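Participant: Sending over a structure as structure tokens; questions will come in a sec.
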Amino acid sequence: NIFLAVLLLLNLLGNGCQGSRLASVASNRSNEKLLIEELISRYREKGLLGRPVKEYDNLVQIKFGLAFVQILDLDENKQLLRTNCWLRYQWRDHHLNWRNWSHPLFKNLTQIRVFPDLIWTPDIQLLNFADERLSERREARIVVYEDGSVLWVPQSLFKSTCPVEILHFPFDTQLCQLEFGSWTYDMTQMNITWYDYEITYDNNTQGLEPNPYIDYTNYIRSQEWRTDGEDEPGIWPSRRRLQIRSVVRCRTVTFQSADGKQYNRTYKTLRYRVLMRRSASFYLSILVLPCILLSCLTWVIFWLPPESPAKMQLGMNIFVAFFILMLLLAETTPSAVKNFPLIGYYYCLNMIMITLSTFLAVIVVNLHFGADRRAPLSPFVRQLVIEGIGRLYMVRQSIPLASHKPPPQQQLLSSQPQNQQHGSLATSPAQPHQPKLHMPQLKYNKFDSRRPSNAAEDSPILAGGHAGAVEKDVREVKRCLRMYLSRLKEKERKNVLAMEWRTFALILDRVFFSAYVMAILIAVISLIPRAHPKLEYSNEDQEFCR
């Protein structure tokens with residue numbers, strides 16, 4: 001009895017000392033600090049070095065979510081996407097449960113915050129990372145609830161790979177993916193699922209729904225890229241229609257044991273996808289619009305007259321302008337891409353067309369200035385081009401060309417002997433701008449006004465002595481007239497021939513203009529994109545990963 005009384009007395013003294021010690025500690029520290037110290041001390045003994053499970057074959061359920069804060073940059077040359085994101089982890093750790101503790105100091109504490117290096121955290125990493133930094137996440141504390149639920153929302157700056165397709169630049173659409181998964185735990189040890197979305201009515205939570213989408217609630221809109229989910233941030237996941245759905249994928253890795261046997265492990269990943277459309281207003285003003293205006297300016301080359309020196313100079317100046325635009329496009333678009341942009345093909349086509357238009361302008365100028373030294377057009381070409389296409393382009397109607405009837409000079413030449421027999425030489429039609437005819441000095445000239453008039457000499461009867469000289473002078477006059485008429489005939493023939501060739505060159509200019517306009521219109525319709533293309537993708541999760 002004495003021994004039992006002594007033990008009871010010692011127990012009372014010990015409890016009193018412990019109570020006084022807790023009271024003194026509580027007076028110096030808050031209850032939250034005491035709870036954190038108690039949990040961490042227990043955690044170091046049980047759970048820090050392994051998964052928070054009771055048995056080895058137990059599965060850790062991790063809910064993972066991704067929220068976009070801002071799209072920093074998309075480097076098309078390096079094919080890298082830089083984003084500012086919030087990661088959301090949620091799991092349950094039974095080593096951090098204090099709900100059933102009977103200590104009165106911790107009854108009113110429902111949550112605490114600890115540093116992530118003090119407890120176990122999942123090793124979920126960005127698998128398609130392309131960053132030279134050692135750490136991607138900013139340090140953020142973990143919220144631990146009394147039932148052992150853990151919430152971790154670190155801020156991260158990611159640099160991930162993104163294959164860029166610029167075929168429809170600047171109306172291109174890029175599909176980038178951020179793939180997250182465990183680095184060491186396979187599907188038999190860790191199961192990654194979608195983070196829950198809270199369904200609320202009047203600011204009251206009504207339920208939870210898995211969210212297989214990127215969260216855009218706190219997203220800062222980009223000036224260059226428009227994403228698919230920024231227009232419906234507060235819509236339930238099951239009711240979203242614009243945003244592309246993320247998918248679950250699995251990757252199987254084959255290992256080999258020490259005894260040479262192979263075995264497979266399957267790792268589950270969450271592949272978050274973002275659809276980005278480029279804002280094309282800036283590129284329309286500096287790339288597309290100047291290109292179309294220069295193409296229209298090239299039409300002027302075919303309308304300038306061939307004798308104008310600006311016909312050649314304008315083509316060369318437009319070619320240089322297109323070359324400068326080509327350099328600007330090369331600086332804007334990536335160099336290491338799978339497909340060259342269609343607008344680049346349009347630029348190249350325009351430069352080829354300008355080069356051809358310059359060559360065609362040279363042909364037209366050559367035909368214009370060398371028309372009087374060429375052979376006559378063949379009847380088929382004349383009938384097809386001048387009479388057919390020329391009338392179609394309203395060119396033949398405005399240019400008077402000689403018909404196929406004998407020219408007036410031939411009729412004059414055929415009637416000339418009769419007129420000379422009757423002594424009439426003044427019936428030849430006057431030709432404008434005729435060259436001066438140098439008449440030789442005749443021995444007898446009845447039209448010489450300086451010679452005194454004598455009726456006896458002018459009489460044919462009295463002029464018998466001069467008959468031989470008069471006949472010789474008449475023959476000389478007839479020869480000079482024939483030379484004069486032949487020169488007129490040759491000059492008019494050359495004029496008609498030159499007019500035909502120049503008309504032919506003018507019609508070719510109109511034909512080249514029509515061909516150029518048709519080529520430019522077809523190029524604009526086929527090579528200049530007018531809307532963002534639709535990308536094909538699958539919204540279904542991988543079958544054996546569900």
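Each chain in the structure tokens gets a letter, A, B, ..., in the order shown, and its residues are numbered from 1; ligands are numbered from 1 in order too.
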Leaving out Leu81 of chain A and any residue of its chain fewer than 5 positions from it, which residues lie within 7 Å of it when counting only C-alpha atoms, given as a list in words?

Facilitator: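 Listing them by chain and then by number gives Asp73, Leu74, Asp75, Lys159, Ser160, Thr161 and Cys162 of chain A.
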
Participant: Kindly export the residues of the current selection with N, CA and C atoms, as a compact mmCIF listing (two decimals), in the first residue's frame.

Facilitator:
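Ended up saving to part_35.txt:
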# COMPACT_ATOMS: atom_id res chain seq x y z
N ASP A 73 6.12 34.08 -74.21
CA ASP A 73 6.72 34.16 -75.54
C ASP A 73 6.63 32.80 -76.21
N LEU A 74 6.54 32.84 -77.54
CA LEU A 74 6.66 31.64 -78.37
C LEU A 74 7.78 31.90 -79.37
N ASP A 75 8.91 31.28 -79.15
CA ASP A 75 10.07 31.45 -80.01
C ASP A 75 9.95 30.48 -81.18
N LYS A 159 9.52 26.52 -69.65
CA LYS A 159 10.01 26.65 -71.02
C LYS A 159 9.93 25.26 -71.64
N SER A 160 8.92 25.06 -72.48
CA SER A 160 8.64 23.75 -73.03
C SER A 160 8.80 23.76 -74.55
N THR A 161 8.98 22.57 -75.10
CA THR A 161 9.08 22.45 -76.54
C THR A 161 7.70 22.55 -77.17
N CYS A 162 7.65 23.16 -78.35
CA CYS A 162 6.39 23.32 -79.06
C CYS A 162 6.68 23.33 -80.55

Participant: Set the distance at 6 Å and use only C-alpha atoms: which residues neighbour segment 87-92 of chain A once local chain neighbours fewer than 2 positions away are removed? I'd like the list as a PyMOL selection string.

Facilitator: chain A and resi 62-66+148-154

Participant: Can you work out which one of A:Glu471, A:Glu136, A:Ser285, A:Thr503 has the shortest atom-to-atom distance to Phe369 of chain A, counting only C-alpha atoms?

Facilitator: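 Nearest to Phe369 of chain A: A:Thr503.
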
Participant: DSSP on the backbone, then: every residue of segment 200-319 of chain A marked strand (DSSP E), written as a PDB file with N, CA and C atoms, in the first residue's frame.

Facilitator:
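Dumped everything to part_0.pdb:
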ATOM      1  N   THR A 200     -20.143  26.159 -58.428  1.00  0.00           N
ATOM      2  CA  THR A 200     -20.718  27.071 -57.439  1.00  0.00           C
ATOM      3  C   THR A 200     -21.999  27.693 -57.973  1.00  0.00           C
ATOM      4  N   TYR A 201     -22.921  27.963 -57.049  1.00  0.00           N
ATOM      5  CA  TYR A 201     -24.129  28.733 -57.300  1.00  0.00           C
ATOM      6  C   TYR A 201     -24.212  29.808 -56.230  1.00  0.00           C
ATOM      7  N   ASN A 204     -21.648  29.661 -53.566  1.00  0.00           N
ATOM      8  CA  ASN A 204     -21.718  28.494 -52.694  1.00  0.00           C
ATOM      9  C   ASN A 204     -21.328  27.254 -53.502  1.00  0.00           C
ATOM     10  N   THR A 205     -20.412  26.500 -52.945  1.00  0.00           N
ATOM     11  CA  THR A 205     -19.929  25.304 -53.629  1.00  0.00           C
ATOM     12  C   THR A 205     -21.001  24.226 -53.600  1.00  0.00           C
ATOM     13  N   GLN A 206     -21.386  23.758 -54.794  1.00  0.00           N
ATOM     14  CA  GLN A 206     -22.425  22.750 -54.917  1.00  0.00           C
ATOM     15  C   GLN A 206     -21.884  21.369 -55.255  1.00  0.00           C
ATOM     16  N   GLY A 207     -20.655  21.302 -55.731  1.00  0.00           N
ATOM     17  CA  GLY A 207     -20.099  20.010 -56.098  1.00  0.00           C
ATOM     18  C   GLY A 207     -18.748  20.163 -56.772  1.00  0.00           C
ATOM     19  N   LEU A 208     -18.147  19.032 -57.081  1.00  0.00           N
ATOM     20  CA  LEU A 208     -16.834  18.995 -57.714  1.00  0.00           C
ATOM     21  C   LEU A 208     -16.936  18.216 -59.022  1.00  0.00           C
ATOM     22  N   GLU A 209     -16.139  18.637 -60.006  1.00  0.00           N
ATOM     23  CA  GLU A 209     -16.116  17.998 -61.316  1.00  0.00           C
ATOM     24  C   GLU A 209     -14.681  17.987 -61.822  1.00  0.00           C
ATOM     25  N   PRO A 210     -14.190  16.835 -62.304  1.00  0.00           N
ATOM     26  CA  PRO A 210     -12.816  16.801 -62.837  1.00  0.00           C
ATOM     27  C   PRO A 210     -12.662  17.796 -63.985  1.00  0.00           C
ATOM     28  N   TRP A 225      -0.976  36.569 -79.135  1.00  0.00           N
ATOM     29  CA  TRP A 225      -1.622  35.269 -79.283  1.00  0.00           C
ATOM     30  C   TRP A 225      -2.969  35.268 -78.573  1.00  0.00           C
ATOM     31  N   ARG A 226      -3.946  34.659 -79.218  1.00  0.00           N
ATOM     32  CA  ARG A 226      -5.259  34.439 -78.613  1.00  0.00           C
ATOM     33  C   ARG A 226      -5.419  32.947 -78.378  1.00  0.00           C
ATOM     34  N   THR A 227      -5.741  32.597 -77.148  1.00  0.00           N
ATOM     35  CA  THR A 227      -5.878  31.193 -76.780  1.00  0.00           C
ATOM     36  C   THR A 227      -7.343  30.761 -76.868  1.00  0.00           C
ATOM     37  N   VAL A 247      -5.647  15.567 -72.523  1.00  0.00           N
ATOM     38  CA  VAL A 247      -5.821  14.117 -72.611  1.00  0.00           C
ATOM     39  C   VAL A 247      -4.843  13.421 -71.677  1.00  0.00           C
ATOM     40  N   VAL A 248      -5.162  12.168 -71.400  1.00  0.00           N
ATOM     41  CA  VAL A 248      -4.315  11.300 -70.579  1.00  0.00           C
ATOM     42  C   VAL A 248      -3.568  10.357 -71.513  1.00  0.00           C
ATOM     43  N   ARG A 249      -2.280  10.253 -71.322  1.00  0.00           N
ATOM     44  CA  ARG A 249      -1.455   9.367 -72.120  1.00  0.00           C
ATOM     45  C   ARG A 249      -0.584   8.512 -71.202  1.00  0.00           C
ATOM     46  N   CYS A 250      -0.140   7.399 -71.721  1.00  0.00           N
ATOM     47  CA  CYS A 250       0.733   6.494 -70.981  1.00  0.00           C
ATOM     48  C   CYS A 250       1.961   6.183 -71.822  1.00  0.00           C
ATOM     49  N   ARG A 251       3.063   6.056 -71.199  1.00  0.00           N
ATOM     50  CA  ARG A 251       4.291   5.653 -71.872  1.00  0.00           C
ATOM     51  C   ARG A 251       4.852   4.420 -71.159  1.00  0.00           C
ATOM     52  N   THR A 252       5.172   3.427 -71.923  1.00  0.00           N
ATOM     53  CA  THR A 252       5.674   2.169 -71.399  1.00  0.00           C
ATOM     54  C   THR A 252       7.184   2.103 -71.620  1.00  0.00           C
ATOM     55  N   VAL A 253       7.895   1.825 -70.557  1.00  0.00           N
ATOM     56  CA  VAL A 253       9.357   1.751 -70.601  1.00  0.00           C
ATOM     57  C   VAL A 253       9.761   0.324 -70.255  1.00  0.00           C
ATOM     58  N   THR A 254      10.681  -0.226 -71.014  1.00  0.00           N
ATOM     59  CA  THR A 254      11.176  -1.581 -70.804  1.00  0.00           C
ATOM     60  C   THR A 254      12.498  -1.535 -70.050  1.00  0.00           C
ATOM     61  N   PHE A 255      12.566  -2.304 -68.960  1.00  0.00           N
ATOM     62  CA  PHE A 255      13.779  -2.395 -68.147  1.00  0.00           C
ATOM     63  C   PHE A 255      14.303  -3.831 -68.186  1.00  0.00           C
ATOM     64  N   GLN A 256      15.517  -3.977 -67.760  1.00  0.00           N
ATOM     65  CA  GLN A 256      16.145  -5.293 -67.686  1.00  0.00           C
ATOM     66  C   GLN A 256      16.717  -5.485 -66.291  1.00  0.00           C
ATOM     67  N   GLN A 262      13.528  -9.091 -68.797  1.00  0.00           N
ATOM     68  CA  GLN A 262      12.964  -7.784 -69.112  1.00  0.00           C
ATOM     69  C   GLN A 262      11.569  -7.647 -68.521  1.00  0.00           C
ATOM     70  N   TYR A 263      11.278  -6.475 -68.087  1.00  0.00           N
ATOM     71  CA  TYR A 263       9.956  -6.189 -67.543  1.00  0.00           C
ATOM     72  C   TYR A 263       9.592  -4.758 -67.941  1.00  0.00           C
ATOM     73  N   ASN A 264       8.300  -4.495 -68.008  1.00  0.00           N
ATOM     74  CA  ASN A 264       7.776  -3.191 -68.447  1.00  0.00           C
ATOM     75  C   ASN A 264       7.144  -2.450 -67.280  1.00  0.00           C
ATOM     76  N   ARG A 265       7.251  -1.151 -67.366  1.00  0.00           N
ATOM     77  CA  ARG A 265       6.589  -0.263 -66.423  1.00  0.00           C
ATOM     78  C   ARG A 265       5.876   0.824 -67.212  1.00  0.00           C
ATOM     79  N   THR A 266       4.657   1.093 -66.788  1.00  0.00           N
ATOM     80  CA  THR A 266       3.821   2.068 -67.472  1.00  0.00           C
ATOM     81  C   THR A 266       3.690   3.313 -66.599  1.00  0.00           C
ATOM     82  N   TYR A 267       4.000   4.447 -67.206  1.00  0.00           N
ATOM     83  CA  TYR A 267       3.946   5.726 -66.508  1.00  0.00           C
ATOM     84  C   TYR A 267       2.817   6.553 -67.099  1.00  0.00           C
ATOM     85  N   LYS A 268       1.986   7.055 -66.225  1.00  0.00           N
ATOM     86  CA  LYS A 268       0.836   7.834 -66.640  1.00  0.00           C
ATOM     87  C   LYS A 268       1.206   9.313 -66.693  1.00  0.00           C
ATOM     88  N   THR A 269       0.755   9.990 -67.742  1.00  0.00           N
ATOM     89  CA  THR A 269       1.047  11.415 -67.919  1.00  0.00           C
ATOM     90  C   THR A 269      -0.239  12.152 -68.252  1.00  0.00           C
ATOM     91  N   LEU A 270      -0.276  13.420 -67.893  1.00  0.00           N
ATOM     92  CA  LEU A 270      -1.363  14.329 -68.249  1.00  0.00           C
ATOM     93  C   LEU A 270      -0.824  15.311 -69.277  1.00  0.00           C
ATOM     94  N   ARG A 271      -1.445  15.341 -70.419  1.00  0.00           N
ATOM     95  CA  ARG A 271      -0.980  16.175 -71.527  1.00  0.00           C
ATOM     96  C   ARG A 271      -1.932  17.355 -71.690  1.00  0.00           C
ATOM     97  N   TYR A 272      -1.523  18.498 -71.136  1.00  0.00           N
ATOM     98  CA  TYR A 272      -2.318  19.720 -71.261  1.00  0.00           C
ATOM     99  C   TYR A 272      -2.016  20.377 -72.604  1.00  0.00           C
ATOM    100  N   ARG A 273      -3.075  20.761 -73.301  1.00  0.00           N
ATOM    101  CA  ARG A 273      -2.937  21.314 -74.640  1.00  0.00           C
ATOM    102  C   ARG A 273      -3.535  22.713 -74.694  1.00  0.00           C
ATOM    103  N   VAL A 274      -2.853  23.577 -75.426  1.00  0.00           N
ATOM    104  CA  VAL A 274      -3.311  24.950 -75.613  1.00  0.00           C
ATOM    105  C   VAL A 274      -3.277  25.260 -77.100  1.00  0.00           C
ATOM    106  N   LEU A 275      -4.366  25.842 -77.577  1.00  0.00           N
ATOM    107  CA  LEU A 275      -4.502  26.220 -78.984  1.00  0.00           C
ATOM    108  C   LEU A 275      -4.356  27.732 -79.076  1.00  0.00           C
ATOM    109  N   MET A 276      -3.342  28.182 -79.815  1.00  0.00           N
ATOM    110  CA  MET A 276      -3.021  29.602 -79.893  1.00  0.00           C
ATOM    111  C   MET A 276      -3.148  30.074 -81.336  1.00  0.00           C
ATOM    112  N   ARG A 277      -3.845  31.190 -81.513  1.00  0.00           N
ATOM    113  CA  ARG A 277      -4.006  31.808 -82.829  1.00  0.00           C
ATOM    114  C   ARG A 277      -3.311  33.165 -82.815  1.00  0.00           C
ATOM    115  N   ARG A 278      -2.511  33.399 -83.835  1.00  0.00           N
ATOM    116  CA  ARG A 278      -1.742  34.635 -83.898  1.00  0.00           C
ATOM    117  C   ARG A 278      -2.639  35.811 -84.291  1.00  0.00           C
TER     118      ARG A 278
END

Participant: What is the atom CA of Tyr219 of chain A-atom CA of Gln70 of chain A distance in Å, reported with one decimal?

Facilitator: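 It comes out at 5.8 Å.
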
Participant: Hey, what does DSSP flag as alpha helix (DSSP H) within segment 155-320 of chain A? Can you give it to me as a ChimeraX atom specification?

Facilitator: /A:281-283,289-303,310-320

Participant: Can I get the residues of segment 126-237 of chain A within 12 Å of segment 322-338 of chain A, each with the closest pair of atoms and their distance in Å to one decimal, using only C-alpha atoms, sorted chain first then ascending number, as CSV?

Facilitator:
residue,atom,partner,partner_atom,distance
A:Pro163,CA,A:Val337,CA,9.0
A:Val164,CA,A:Val337,CA,7.4
A:Glu165,CA,A:Val337,CA,7.2
A:Ile166,CA,A:Val337,CA,7.6
A:Leu167,CA,A:Lys338,CA,8.6
A:His168,CA,A:Thr333,CA,11.2
A:Phe169,CA,A:Thr333,CA,8.1
A:Pro170,CA,A:Thr333,CA,9.1
A:Asp172,CA,A:Thr333,CA,11.4

Participant: With only C-alpha atoms as the counted atoms, please give the residues lying no more than 9 Å from segment 387-391 of chain A, apart from itself and same-chain residues fewer than 3 positions off, as a count of residues only.

Facilitator: 12

Participant: Using Å and a single decimal, report how far atom CA of Gln243 of chain A sits from atom CA of Gln174 of chain A.

Facilitator: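 Separation between atom CA of Gln174 of chain A and atom CA of Gln243 of chain A: 13.7 Å.
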
Participant: Compare A:Arg82, A:Lys478, A:Arg138, A:His95 by their minimum atom-to-atom distance to Leu178 of chain A, counting only C-alpha atoms, and give me the closest one.

Facilitator: A:Arg82

Participant: Interatomic distance between atom CA of Arg44 of chain A and atom CA of Pro104 of chain A?

Facilitator: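 A separation of 23.7 Å between them.
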
Participant: Rank nothing, just name the residue among A:Leu284, A:Ile199, A:Leu314, A:Leu96 nearest to Asp147 of chain A, using only C-alpha atoms.

Facilitator: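 Result for the nearest residue to Asp147 of chain A: A:Leu96.
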
Participant: Can you pull out the residues contacting Pro309 of chain A? Cut-off 12 Å, using only C-alpha atoms, and skip same-chain residues under 6 positions away; I want them as number ranges by chain.

Facilitator: A: 301, 315-316, 361-362, 365

Participant: Please save N, CA and C atoms of the selected residues as a PDB file, in the first residue's frame.

Facilitator:
ATOM      1  N   ILE A 301       3.126  48.908-115.325  1.00  0.00           N
ATOM      2  CA  ILE A 301       4.200  48.672-116.291  1.00  0.00           C
ATOM      3  C   ILE A 301       3.627  48.375-117.669  1.00  0.00           C
ATOM      4  N   GLY A 315       9.698  48.699-113.172  1.00  0.00           N
ATOM      5  CA  GLY A 315       9.806  47.273-112.887  1.00  0.00           C
ATOM      6  C   GLY A 315      10.981  46.947-111.981  1.00  0.00           C
ATOM      7  N   MET A 316      12.118  47.572-112.207  1.00  0.00           N
ATOM      8  CA  MET A 316      13.287  47.323-111.352  1.00  0.00           C
ATOM      9  C   MET A 316      13.060  47.851-109.942  1.00  0.00           C
ATOM     10  N   ALA A 361       8.330  43.636-121.214  1.00  0.00           N
ATOM     11  CA  ALA A 361       8.413  45.056-121.565  1.00  0.00           C
ATOM     12  C   ALA A 361       9.567  45.309-122.533  1.00  0.00           C
ATOM     13  N   VAL A 362      10.668  44.586-122.359  1.00  0.00           N
ATOM     14  CA  VAL A 362      11.792  44.705-123.300  1.00  0.00           C
ATOM     15  C   VAL A 362      11.365  44.236-124.695  1.00  0.00           C
ATOM     16  N   VAL A 365       9.121  46.964-126.200  1.00  0.00           N
ATOM     17  CA  VAL A 365       9.911  48.134-126.606  1.00  0.00           C
ATOM     18  C   VAL A 365      10.705  47.830-127.864  1.00  0.00           C
TER      19      VAL A 365
END
